[in-house]
Structures are given as C-alpha cells and as structure tokens.
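Participant: What follows is data05.cif; its format and atoms are mmCIF, C-alpha atoms and all ligand atoms.
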```
data_data
#
loop_
_atom_site.label_atom_id
_atom_site.label_comp_id
_atom_site.auth_asym_id
_atom_site.auth_seq_id
_atom_site.Cartn_x
_atom_site.Cartn_y
_atom_site.Cartn_z
CA MET N 5 -11.68 -2.67 -11.35
CA SER N 6 -13.47 0.40 -12.48
CA SER N 7 -12.06 2.23 -9.51
CA LEU N 8 -8.63 2.25 -8.02
CA ASP N 9 -10.16 2.46 -4.58
CA GLU N 10 -12.40 -0.56 -4.86
CA TRP N 11 -9.77 -2.83 -3.36
CA GLU N 12 -9.45 -0.45 -0.44
CA ASP N 13 -13.20 -0.58 0.14
CA ASP N 14 -12.84 -4.33 0.03
CA VAL N 15 -10.10 -4.22 2.67
CA LEU N 16 -12.49 -2.25 4.83
CA LYS N 17 -15.05 -5.05 4.50
CA ARG N 18 -12.43 -7.60 5.52
CA TYR N 19 -11.21 -5.50 8.43
CA PRO N 20 -14.10 -3.34 9.67
CA GLU N 21 -13.41 -0.71 12.27
CA PRO N 22 -13.56 -2.21 15.76
CA GLY N 23 -16.68 -0.99 17.53
CA ASN N 24 -18.23 -0.30 14.19
CA MET N 25 -18.93 -3.88 13.15
CA ALA N 26 -22.68 -3.48 12.91
CA LYS N 27 -22.44 -0.46 10.72
CA ALA N 28 -19.79 -2.04 8.58
CA LYS N 29 -21.89 -5.16 8.09
CA GLU N 30 -24.96 -3.10 7.33
CA GLU N 31 -23.10 -0.97 4.84
CA PHE N 32 -21.38 -3.81 3.11
CA ARG N 33 -23.83 -6.65 3.57
CA ASN N 34 -24.57 -6.93 -0.12
CA TYR N 35 -21.75 -9.20 -1.13
CA ASP N 36 -23.64 -10.29 -4.19
CA ASN N 37 -22.94 -7.26 -6.27
CA PRO N 38 -20.84 -6.47 -9.32
CA GLU N 39 -18.26 -4.68 -7.19
CA VAL N 40 -17.28 -7.99 -5.60
CA ASP N 41 -16.71 -9.45 -9.06
CA THR N 42 -14.42 -6.61 -10.01
CA VAL N 43 -12.43 -7.06 -6.81
CA ARG N 44 -12.21 -10.81 -7.47
CA GLU N 45 -11.10 -10.16 -11.02
CA PHE N 46 -8.51 -7.72 -9.71
CA TYR N 47 -7.06 -10.34 -7.38
CA ARG N 48 -7.21 -13.02 -10.04
CA LEU N 49 -4.86 -10.93 -12.18
CA ASN N 50 -2.74 -9.78 -9.22
CA HIS N 51 -2.17 -13.29 -7.93
CA LYS N 52 -1.53 -14.71 -11.38
CA TYR N 53 1.08 -12.17 -12.46
CA GLN N 54 2.87 -11.14 -9.23
CA THR N 55 5.80 -13.48 -9.64
CA TYR N 56 9.37 -13.26 -8.38
CA GLU N 57 10.39 -12.34 -11.91
CA ASN N 58 7.77 -9.58 -12.12
CA VAL N 59 9.14 -7.94 -8.98
CA LEU N 60 12.71 -7.93 -10.28
CA ALA N 61 11.59 -6.60 -13.66
CA LYS N 62 9.55 -3.75 -12.12
CA LYS N 63 12.38 -2.82 -9.77
CA ASP N 64 14.69 -2.69 -12.73
CA ARG N 65 12.30 -0.47 -14.66
CA PHE N 66 11.11 1.93 -11.93
CA LEU N 67 13.90 2.19 -9.39
CA LYS N 68 16.00 4.20 -11.82
CA PHE N 69 13.49 7.00 -11.18
CA GLU N 70 13.69 8.39 -14.67
CA GLN N 71 10.01 9.02 -15.37
CA LYS N 72 9.62 12.60 -14.11
CA GLU N 73 11.13 15.11 -11.71
CA MET N 74 9.08 17.75 -9.89
CA PRO N 75 8.62 19.45 -6.50
CA TRP N 76 6.92 17.18 -3.93
CA TRP N 77 3.75 19.23 -3.79
CA ALA N 78 3.49 19.14 -7.58
CA ALA N 79 3.88 15.35 -7.39
CA MET N 80 0.95 15.19 -4.95
CA GLU N 81 -1.13 17.22 -7.40
CA TYR N 82 0.05 14.99 -10.21
CA LEU N 83 -1.15 11.96 -8.25
CA ASN N 84 -4.47 13.68 -7.87
CA THR N 85 -5.05 13.60 -11.64
CA LEU N 86 -5.85 9.94 -10.94
CA ILE N 87 -9.49 10.66 -10.35
CA ASP N 88 -11.99 7.92 -10.80
CA GLU N 89 -14.31 9.21 -13.47
CA SER N 90 -16.69 6.32 -13.24
CA ASP N 91 -17.71 7.24 -9.73
CA PRO N 92 -16.94 10.88 -8.98
CA ASP N 93 -19.45 11.29 -6.15
CA LEU N 94 -18.57 8.36 -3.99
CA GLN N 95 -14.82 8.23 -4.18
CA LEU N 96 -12.50 10.57 -2.38
CA ASP N 97 -9.82 11.87 -4.61
CA GLN N 98 -6.31 10.77 -3.74
CA LEU N 99 -5.33 14.04 -2.10
CA GLN N 100 -8.40 13.98 0.13
CA HIS N 101 -7.61 10.47 1.32
CA LEU N 102 -4.03 11.51 2.06
CA LEU N 103 -5.02 14.71 3.85
CA GLN N 104 -7.67 12.95 5.92
CA THR N 105 -5.22 10.23 6.91
CA ALA N 106 -2.59 12.81 7.84
CA GLU N 107 -5.00 15.12 9.66
CA SER N 108 -6.26 12.23 11.81
CA ILE N 109 -2.68 11.38 12.73
CA ARG N 110 -2.01 15.03 13.50
CA ALA N 111 -5.17 15.35 15.60
CA ASP N 112 -3.94 12.47 17.77
CA GLY N 113 -0.76 14.39 18.55
CA HIS N 114 1.74 12.12 16.80
CA PRO N 115 5.18 13.40 15.70
CA ASP N 116 5.35 15.46 12.54
CA TRP N 117 7.18 12.77 10.53
CA PHE N 118 4.23 10.44 11.23
CA VAL N 119 1.86 13.12 9.89
CA LEU N 120 4.02 13.54 6.80
CA THR N 121 4.01 9.77 6.30
CA GLY N 122 0.21 9.80 6.34
CA PHE N 123 0.24 12.58 3.80
CA ILE N 124 2.49 10.88 1.24
CA HIS N 125 1.86 7.18 1.89
CA ASP N 126 -0.02 6.55 -1.37
CA LEU N 127 2.06 8.76 -3.66
CA GLY N 128 3.46 5.58 -5.21
CA LYS N 129 0.14 5.18 -7.01
CA VAL N 130 1.58 7.51 -9.64
CA LEU N 131 2.73 4.19 -11.14
CA CYS N 132 -0.77 4.05 -12.62
CA LEU N 133 0.00 7.27 -14.48
CA PHE N 134 3.07 5.62 -15.96
CA GLY N 135 0.89 3.00 -17.58
CA GLU N 136 1.12 0.26 -14.98
CA PRO N 137 -1.96 -1.94 -14.60
CA GLN N 138 -3.78 -1.76 -11.27
CA TRP N 139 -2.70 -5.26 -10.25
CA ASN N 140 0.90 -3.98 -10.26
CA VAL N 141 0.13 -0.88 -8.17
CA VAL N 142 -2.52 -1.53 -5.52
CA GLY N 143 -3.96 -4.46 -3.61
CA ASP N 144 -2.55 -6.52 -0.76
CA THR N 145 1.17 -7.16 -1.00
CA PHE N 146 2.89 -10.43 -0.04
CA PRO N 147 6.33 -12.04 -0.28
CA VAL N 148 7.33 -13.66 -3.55
CA GLY N 149 10.08 -16.26 -3.72
CA CYS N 150 8.47 -18.52 -1.14
CA LYS N 151 5.15 -20.29 -0.64
CA PHE N 152 2.09 -18.03 -0.88
CA SER N 153 0.21 -18.05 2.41
CA ASP N 154 -3.42 -19.10 2.47
CA LYS N 155 -3.96 -16.09 4.74
CA ILE N 156 -3.65 -13.84 1.68
CA VAL N 157 -7.00 -12.74 0.32
CA TYR N 158 -8.33 -15.07 -2.45
CA PRO N 159 -5.46 -17.57 -2.05
CA GLU N 160 -7.05 -19.91 -4.61
CA PHE N 161 -5.95 -17.60 -7.40
CA PHE N 162 -2.31 -18.46 -6.74
CA ALA N 163 -3.04 -21.68 -8.62
CA ASP N 164 -2.55 -19.55 -11.77
CA ASN N 165 0.82 -18.20 -10.63
CA PRO N 166 3.77 -20.06 -12.20
CA ASP N 167 5.82 -19.63 -8.99
CA THR N 168 3.39 -22.01 -7.29
CA TYR N 169 4.91 -24.80 -9.40
CA ASP N 170 8.52 -23.63 -9.26
CA GLU N 171 10.59 -25.66 -6.81
CA ARG N 172 12.82 -22.70 -6.02
CA PHE N 173 9.86 -20.73 -4.75
CA ASN N 174 7.14 -23.05 -3.51
CA THR N 175 8.47 -24.15 -0.13
CA LYS N 176 7.86 -22.47 3.21
CA TYR N 177 11.16 -20.55 3.00
CA GLY N 178 11.79 -20.70 -0.76
CA VAL N 179 14.87 -18.59 -1.51
CA TYR N 180 14.93 -17.24 2.06
CA SER N 181 16.04 -18.54 5.45
CA PRO N 182 14.27 -18.54 8.85
CA HIS N 183 13.92 -14.99 10.25
CA CYS N 184 16.13 -13.57 7.52
CA GLY N 185 14.47 -10.17 7.92
CA MET N 186 12.02 -8.45 5.59
CA ASP N 187 14.74 -6.33 4.05
CA ASN N 188 16.02 -9.53 2.45
CA VAL N 189 12.58 -10.56 1.20
CA GLN N 190 11.16 -9.55 -2.17
CA ILE N 191 7.60 -8.38 -1.75
CA SER N 192 5.02 -8.16 -4.53
CA TRP N 193 5.40 -5.00 -6.59
CA GLY N 194 3.21 -1.98 -5.95
CA HIS N 195 2.92 1.55 -4.62
CA ASP N 196 4.30 0.61 -1.19
CA GLU N 197 7.73 -0.64 -2.25
CA TYR N 198 8.07 2.08 -4.87
CA LEU N 199 7.47 4.91 -2.38
CA TYR N 200 9.73 3.26 0.18
CA GLN N 201 12.55 3.32 -2.34
CA LEU N 202 11.79 6.99 -3.08
CA THR N 203 11.91 8.06 0.57
CA LYS N 204 14.34 5.65 2.24
CA ASP N 205 17.12 8.20 2.73
CA HIS N 206 14.88 10.87 4.21
CA LEU N 207 12.42 9.59 6.79
CA PRO N 208 12.81 7.90 10.20
CA GLU N 209 12.74 4.12 10.12
CA PRO N 210 9.23 3.65 11.56
CA ALA N 211 7.91 5.88 8.75
CA LEU N 212 9.68 3.73 6.19
CA TYR N 213 8.13 0.54 7.59
CA MET N 214 4.67 2.13 7.47
CA ILE N 215 5.18 3.14 3.85
CA ARG N 216 6.75 -0.12 2.75
CA TYR N 217 4.36 -2.57 4.42
CA HIS N 218 1.01 -0.80 4.76
CA SER N 219 -0.65 -3.15 2.24
CA PHE N 220 0.98 -6.30 3.68
CA TYR N 221 -2.24 -7.38 5.41
CA SER N 222 -1.34 -11.06 5.60
CA GLN N 223 1.43 -10.05 8.00
CA HIS N 224 0.29 -6.95 9.88
CA ARG N 225 -3.23 -8.35 10.36
CA GLU N 226 -2.76 -12.12 10.05
CA ARG N 227 0.86 -12.79 11.07
CA ALA N 228 1.30 -15.23 8.24
CA TYR N 229 5.00 -14.55 7.74
CA ASP N 230 6.41 -14.39 11.26
CA HIS N 231 8.91 -17.02 10.13
CA LEU N 232 10.58 -14.49 7.81
CA LEU N 233 10.56 -11.45 10.10
CA ASN N 234 13.50 -10.85 12.42
CA ASP N 235 13.24 -9.28 15.89
CA HIS N 236 13.82 -5.80 14.55
CA ASP N 237 11.01 -6.21 11.99
CA GLN N 238 8.70 -7.35 14.80
CA GLN N 239 9.42 -4.12 16.70
CA MET N 240 8.97 -1.98 13.62
CA PHE N 241 5.74 -3.70 12.53
CA LYS N 242 4.13 -2.21 15.64
CA TRP N 243 4.33 1.08 13.74
CA VAL N 244 2.72 -0.47 10.68
CA GLU N 245 -0.13 -1.63 12.92
CA LYS N 246 -0.39 1.82 14.46
CA PHE N 247 -0.61 3.39 11.02
CA ASN N 248 -3.18 1.03 9.49
CA PRO N 249 -6.34 2.34 11.23
CA TYR N 250 -5.56 5.87 10.03
CA ASP N 251 -5.36 4.58 6.49
CA LEU N 252 -8.56 2.54 6.73
CA TYR N 253 -10.85 4.46 9.05
CA SER N 254 -10.09 8.15 8.69
CA LYS N 255 -12.77 9.04 6.17
CA SER N 256 -14.05 12.28 7.55
CA PRO N 257 -17.43 13.89 6.96
CA VAL N 258 -15.70 17.28 6.90
CA THR N 259 -13.58 17.66 3.81
CA PRO N 260 -10.19 19.23 4.52
CA VAL N 261 -9.60 22.38 2.51
CA VAL N 262 -6.45 21.84 0.50
CA SER N 263 -5.52 25.52 0.20
CA GLU N 264 -5.75 26.03 3.96
CA LEU N 265 -3.60 23.02 4.77
CA ARG N 266 -1.04 23.45 2.03
CA PRO N 267 1.36 25.76 3.96
CA TYR N 268 1.57 23.31 6.86
CA TYR N 269 2.30 20.35 4.57
CA GLU N 270 4.73 22.35 2.43
CA ASP N 271 6.67 23.09 5.64
CA LEU N 272 6.68 19.41 6.61
CA ILE N 273 7.90 18.44 3.16
CA ALA N 274 10.66 21.08 3.36
CA LYS N 275 11.72 19.79 6.77
CA TYR N 276 12.21 16.18 5.72
CA LEU N 277 12.35 15.80 1.96
CA PRO N 278 14.54 17.18 -0.82
CA GLU N 279 13.17 19.97 -2.98
CA THR N 280 12.17 17.75 -5.84
CA VAL N 281 11.19 14.14 -6.21
CA LYS N 282 12.48 11.99 -9.05
CA LEU N 283 9.69 9.58 -9.88
FE FE N 301 -1.82 2.47 0.02
FE FE N 302 -4.06 4.78 1.77
#
```
Give the structure from this file in structure tokens form.
Facilitator:
Amino acid sequence: MSSLDEWEDDVLKRYPEPGNMAKAKEEFRNYDNPEVDTVREFYRLNHKYQTYENVLAKKDRFLKFEQKEMPWWAAMEYLNTLIDESDPDLQLDQLQHLLQTAESIRADGHPDWFVLTGFIHDLGKVLCLFGEPQWNVVGDTFPVGCKFSDKIVYPEFFADNPDTYDERFNTKYGVYSPHCGMDNVQISWGHDEYLYQLTKDHLPEPALYMIRYHSFYSQHRERAYDHLLNDHDQQMFKWVEKFNPYDLYSKSPVTPVVSELRPYYEDLIAKYLPETVKL
C-alpha cells in the first residue's frame, strides 16, 4: 500500500457509518480503482505471512521492548513522523486521527481513561518505524493456530498461508479448546497486540480490550469466533464495539489544535501511565 491508512479507508467501505450509507456508497462507489488493488495486495501478503510461527517470532522480538525509551508524549510525536508522503493532502496524520478519536469520545462524556485510550490506541504503529512491513502492523487481525474464518476480509488469500495445510492449526479449534478465552488465543501480529502489551499494567480492563482487539473485525463485527470467547470476553467485547465507531467515524472537519490540547492529554498520560514508555 502506498499509504498506511488505505486499509482503514477500506474498513470504512466495508462498514460504512449507519445512517450515512448513501454518502458512503457515493464516496466509495468506484471500486475499480488502483487503491483497491493495493488493499488486495496488502491482504494477500498479510494472509500469506501471518502464521502461528510469525506471531511467536514477533512477540519474541518486540515484547522485550528494547527499541527505544522516551516520554509518552514524545512517543506520540515519534509516531507522527509516519506521515504518508505520497498523499499529504488527503490523509490525516497519525496524531490528528488519535486526537479526533479521543476528542469525540471526550465530547460524549465518557470516562477519562476511555479518552486516553482513544488518544493512544494506534501508537503501536511505531512498529513501522522499526522496519516492520505494513502487513505485520496494520490490517484486520484474526486468531492464528486454528482455522481461518471465511468472515475475514479476502479469505481466499489464506490459501497461501502454510497454516492452512498444517493439521495442528487447520481445524475449528486448532490448538485451542471451546470458549478457552481470548487471552489464551494467539492473534495475528500488529499494532493492537503490541500496544496492549505496552499498557496492560496501567489501564482499566475495558481499555485494554479496546486496544487489543480494535482491528479484530471478524469478531467484533461478524462474531466469527464466538466459539473461542469466554463469558468474560463477551462482556468486555461490548467495550470494543463501543470504541469502534469512534475509530472509524470521527473524522472531523475542524482540525484539533495540538498545542491547545496538549496540556489536557499530558495530564491524562500522567494520571495513568508511567513517565516514559519503553518501545
Ligand atoms: Fe488501529
Ligand atoms: Fe485508529
């Protein structure tokens, strides 16, 4: 993909804002364009290479958090160096997307930890700055170690994934058991799991579910993996569903001014998170 955000635009086509279907169709009706090919190519690579082994290897590499250490705000600015140069007019920079998501949550009167979650939820995309390919950072996430659901976008591309032919992994439950709970399930590697691991000791549990599963569309939109979730996951996924529209539909015509909002977000960071983040 030329742009990191193209998959997110594609998600918006798949899940248009309720009440805004006409506009969404109008805006995105041209499915016959090069953008679609880049999204397809993205998922071809993602589905081919997101194997059980890939997840374990990436966890081993990145969950030591030995890339960089800096204050949280500096990390947000660091993320923002990920600007899409191919399309500077159309794309929001990362910080704008995060501020707009967070400000919409705040405007609806949600608790401050929910606002903070909106603000940091994509920080894990710094993985791109550590040389990771896009297919290992963004895109829909899904369980590995069991059969890939045909509710996942472009399921046909799983034909190229070696796990599809591995008897340990290609049954309904694979290495898992019925309702074993998502905490026992390996999910494809990306910015969600990485940020969850970075924040898991600091935020309330609903925030952690939002962070960890916000790209797991085949579950929070399609319910394809109810057989792996336990009752507690089912309760917590209500928060993931609550979060998702803020992520998808909060693009605001008025651009938040970073310098004006910074003190508020610095306070929120100080309330919940340690002084520095080890990436
Ligand atoms: Fe995200
Ligand atoms: Fe996002």
Participant: Counting all atoms listed in the file, what residues are within 12 Å of ligand FE 302 (chain N), given as an NGL selection string?
Facilitator: :N and (8-13 or 15-16 or 96-106 or 121-129 or 142-144 or 195-196 or 214-219 or 247-255)
Participant: Can you tell me how far CA of Leu60 (chain N) sits from CA of Leu232 (chain N), in Å to one decimal?
Facilitator: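 Computed distance, CA of Leu60 (chain N) to CA of Leu232 (chain N), equals 19.4 Å.
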Participant: To one decimal place, how far is CA of Lys72 (chain N) from CA of Tyr198 (chain N) in Å?
Facilitator: 14.1 Å
Participant: Skipping near chain neighbours, those fewer than 6 positions away, what residues fall within 9 Å of Leu272 (chain N) using only C-alpha atoms, listed as an mmCIF file with C-alpha atoms, in the coordinates of the input?
Facilitator:
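See selection-v4.cif below for the written result:
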```
data_model
loop_
_atom_site.group_PDB
_atom_site.id
_atom_site.type_symbol
_atom_site.label_atom_id
_atom_site.label_comp_id
_atom_site.auth_asym_id
_atom_site.auth_seq_id
_atom_site.Cartn_x
_atom_site.Cartn_y
_atom_site.Cartn_z
ATOM 1 C CA ASP N 116 5.350 15.460 12.540
ATOM 2 C CA TRP N 117 7.180 12.770 10.530
ATOM 3 C CA VAL N 119 1.860 13.120 9.890
ATOM 4 C CA LEU N 120 4.020 13.540 6.800
#
```
Participant: Provide the CA of Arg110 (chain N) to CA of Glu245 (chain N) distance in Å, to one decimal place.
Facilitator: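 Answer for the CA of Arg110 (chain N) to CA of Glu245 (chain N) separation: 16.8 Å.
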